[in-house]
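File shown here: start15.csv, holding CSV, C-alpha atoms.
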chain,number,residue,atom,x,y,z
H,1,MET,CA,-88.9,23.5,-92.8
H,2,ALA,CA,-88.4,20.0,-94.3
H,3,LYS,CA,-85.4,21.3,-96.2
H,4,ASP,CA,-83.9,22.6,-93.0
H,5,MET,CA,-84.5,19.3,-91.4
H,6,LEU,CA,-83.0,17.5,-94.4
H,7,ASP,CA,-80.0,19.9,-94.3
H,8,ALA,CA,-79.5,19.2,-90.6
H,9,ILE,CA,-79.7,15.5,-91.1
H,10,CYS,CA,-77.1,15.7,-94.0
H,11,ALA,CA,-74.9,17.9,-91.8
H,12,ALA,CA,-75.1,15.5,-88.9
H,13,GLU,CA,-74.4,12.6,-91.2
H,14,ALA,CA,-71.3,14.4,-92.7
H,15,GLU,CA,-70.2,15.3,-89.1
H,16,ALA,CA,-70.6,11.7,-88.1
H,17,LYS,CA,-68.5,10.5,-91.1
H,18,ASN,CA,-65.9,13.1,-90.3
H,19,SER,CA,-65.9,12.0,-86.6
H,20,GLU,CA,-65.6,8.4,-87.7
H,21,LEU,CA,-62.7,9.2,-90.1
H,22,ASN,CA,-61.0,11.2,-87.4
H,23,ALA,CA,-61.5,8.3,-84.9
H,24,ARG,CA,-60.1,5.8,-87.4
H,25,GLN,CA,-57.0,8.1,-88.0
H,26,THR,CA,-56.5,8.6,-84.3
H,27,ALA,CA,-56.8,4.9,-83.7
H,28,ALA,CA,-54.4,4.1,-86.5
H,29,GLN,CA,-51.9,6.7,-85.1
H,30,MET,CA,-52.3,5.3,-81.6
H,31,THR,CA,-51.8,1.8,-82.9
H,32,ALA,CA,-48.7,2.8,-84.8
H,33,LYS,CA,-47.3,4.6,-81.7
H,34,ALA,CA,-48.1,1.6,-79.4
H,35,ARG,CA,-46.3,-0.7,-81.9
H,36,LYS,CA,-43.3,1.7,-82.0
H,37,ASP,CA,-43.2,2.0,-78.2
H,38,ALA,CA,-43.5,-1.8,-77.8
H,39,ALA,CA,-40.7,-2.4,-80.3
H,40,GLU,CA,-38.5,0.2,-78.5
H,41,LEU,CA,-39.3,-1.5,-75.2
H,42,ILE,CA,-38.5,-4.9,-76.5
H,43,SER,CA,-35.3,-3.7,-78.0
H,44,GLN,CA,-34.3,-2.0,-74.7
H,45,ARG,CA,-35.1,-5.2,-72.7
H,46,GLU,CA,-33.1,-7.3,-75.2
H,47,GLN,CA,-30.1,-5.0,-74.8
H,48,GLU,CA,-30.5,-5.2,-71.0
H,49,ALA,CA,-30.7,-9.0,-71.1
H,50,GLU,CA,-27.7,-9.2,-73.4
H,51,LYS,CA,-25.7,-6.9,-71.1
H,52,SER,CA,-26.7,-9.0,-68.1
H,53,ALA,CA,-25.8,-12.2,-69.9
H,54,GLU,CA,-22.4,-10.8,-70.9
H,55,ASP,CA,-21.8,-9.6,-67.3
H,56,GLU,CA,-22.7,-13.0,-66.0
H,57,LEU,CA,-20.4,-14.7,-68.6
H,58,GLU,CA,-17.5,-12.5,-67.6
H,59,ARG,CA,-18.1,-13.2,-63.9
H,60,THR,CA,-18.2,-17.0,-64.6
H,61,ARG,CA,-15.1,-16.7,-66.8
H,62,ALA,CA,-13.2,-14.9,-64.0
H,63,GLU,CA,-14.4,-17.5,-61.4
H,64,GLY,CA,-13.2,-20.3,-63.8
H,65,GLU,CA,-9.8,-18.7,-64.2
H,66,ARG,CA,-9.5,-18.3,-60.4
H,67,ALA,CA,-10.5,-22.0,-59.9
H,68,ALA,CA,-8.0,-23.1,-62.6
H,69,ALA,CA,-5.2,-21.0,-61.0
H,70,LYS,CA,-6.0,-22.5,-57.6
H,71,ALA,CA,-6.0,-26.0,-59.0
H,72,ALA,CA,-2.7,-25.4,-60.8
H,73,LYS,CA,-1.2,-24.2,-57.6
H,74,ASN,CA,-2.5,-27.2,-55.7
H,75,ALA,CA,-1.2,-29.5,-58.4
H,76,GLU,CA,2.2,-27.8,-58.3
H,77,THR,CA,2.3,-28.2,-54.5
H,78,GLU,CA,1.4,-31.9,-54.7
H,79,CYS,CA,4.1,-32.5,-57.4
H,80,LYS,CA,6.7,-30.8,-55.2
H,81,ARG,CA,5.6,-33.0,-52.3
H,82,ILE,CA,5.8,-36.2,-54.3
H,83,SER,CA,9.2,-35.1,-55.8
H,84,ALA,CA,10.5,-34.4,-52.3
H,85,ALA,CA,9.3,-37.8,-51.1
H,86,ALA,CA,10.9,-39.5,-54.1
H,87,ASP,CA,14.2,-37.6,-53.6
H,88,LYS,CA,14.2,-38.6,-49.9
H,89,ASN,CA,13.6,-42.3,-50.7
H,90,ARG,CA,15.6,-42.6,-53.9
H,91,ALA,CA,18.8,-43.9,-52.3
H,92,THR,CA,16.9,-46.4,-50.2
H,93,VAL,CA,15.0,-47.7,-53.2
H,94,ILE,CA,18.1,-48.0,-55.3
H,95,LYS,CA,20.0,-49.8,-52.5
H,96,LYS,CA,17.2,-52.3,-52.0
H,97,ALA,CA,16.9,-52.9,-55.8
H,98,ALA,CA,20.7,-53.5,-56.0
H,99,ASP,CA,20.7,-55.8,-53.0
H,100,ALA,CA,17.8,-57.7,-54.5
H,101,LEU,CA,19.7,-58.1,-57.8
H,102,LEU,CA,23.0,-59.0,-56.3
H,103,GLY,CA,21.3,-61.4,-53.9
Could you render the structure as structure tokens?
Amino acid sequence: MAKDMLDAICAAEAEAKNSELNARQTAAQMTAKARKDAAELISQREQEAEKSAEDELERTRAEGERAAAKAAKNAETECKRISAAADKNRATVIKKAADALLG
């Protein structure tokens, strides 16, 4: 009977060691999977953030180009206005300058 009890204790101890080993292996596998999943998630989020930043940069670039085109058009309009005013007043300015020189 003592031998049966000793055998049962040894079997229980062996089963406990196997259970512990299995638990450690399972925990290691779960940890590895969690790390892999986390790395994939981080990579996915980085790609999404990069895409979002590129989209925002492209929108900003397009807005800048539109603003530059508008500013160029406004500048051209203002130059034409100034040129027209100069053309209109050129004869008067030259006459006044000549009169002033000739006394």
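For the pair atom CA of Asp7 of chain H and atom CA of Gln25 of chain H, the interatomic distance is 26.6 Å.
Atom CA of Lys80 of chain H to atom CA of Ala98 of chain H spans 26.7 Å [interatomic distance, one decimal].
A straight line drawn from atom CA of Lys73 of chain H to atom CA of Asp87 of chain H is 20.8 Å long.
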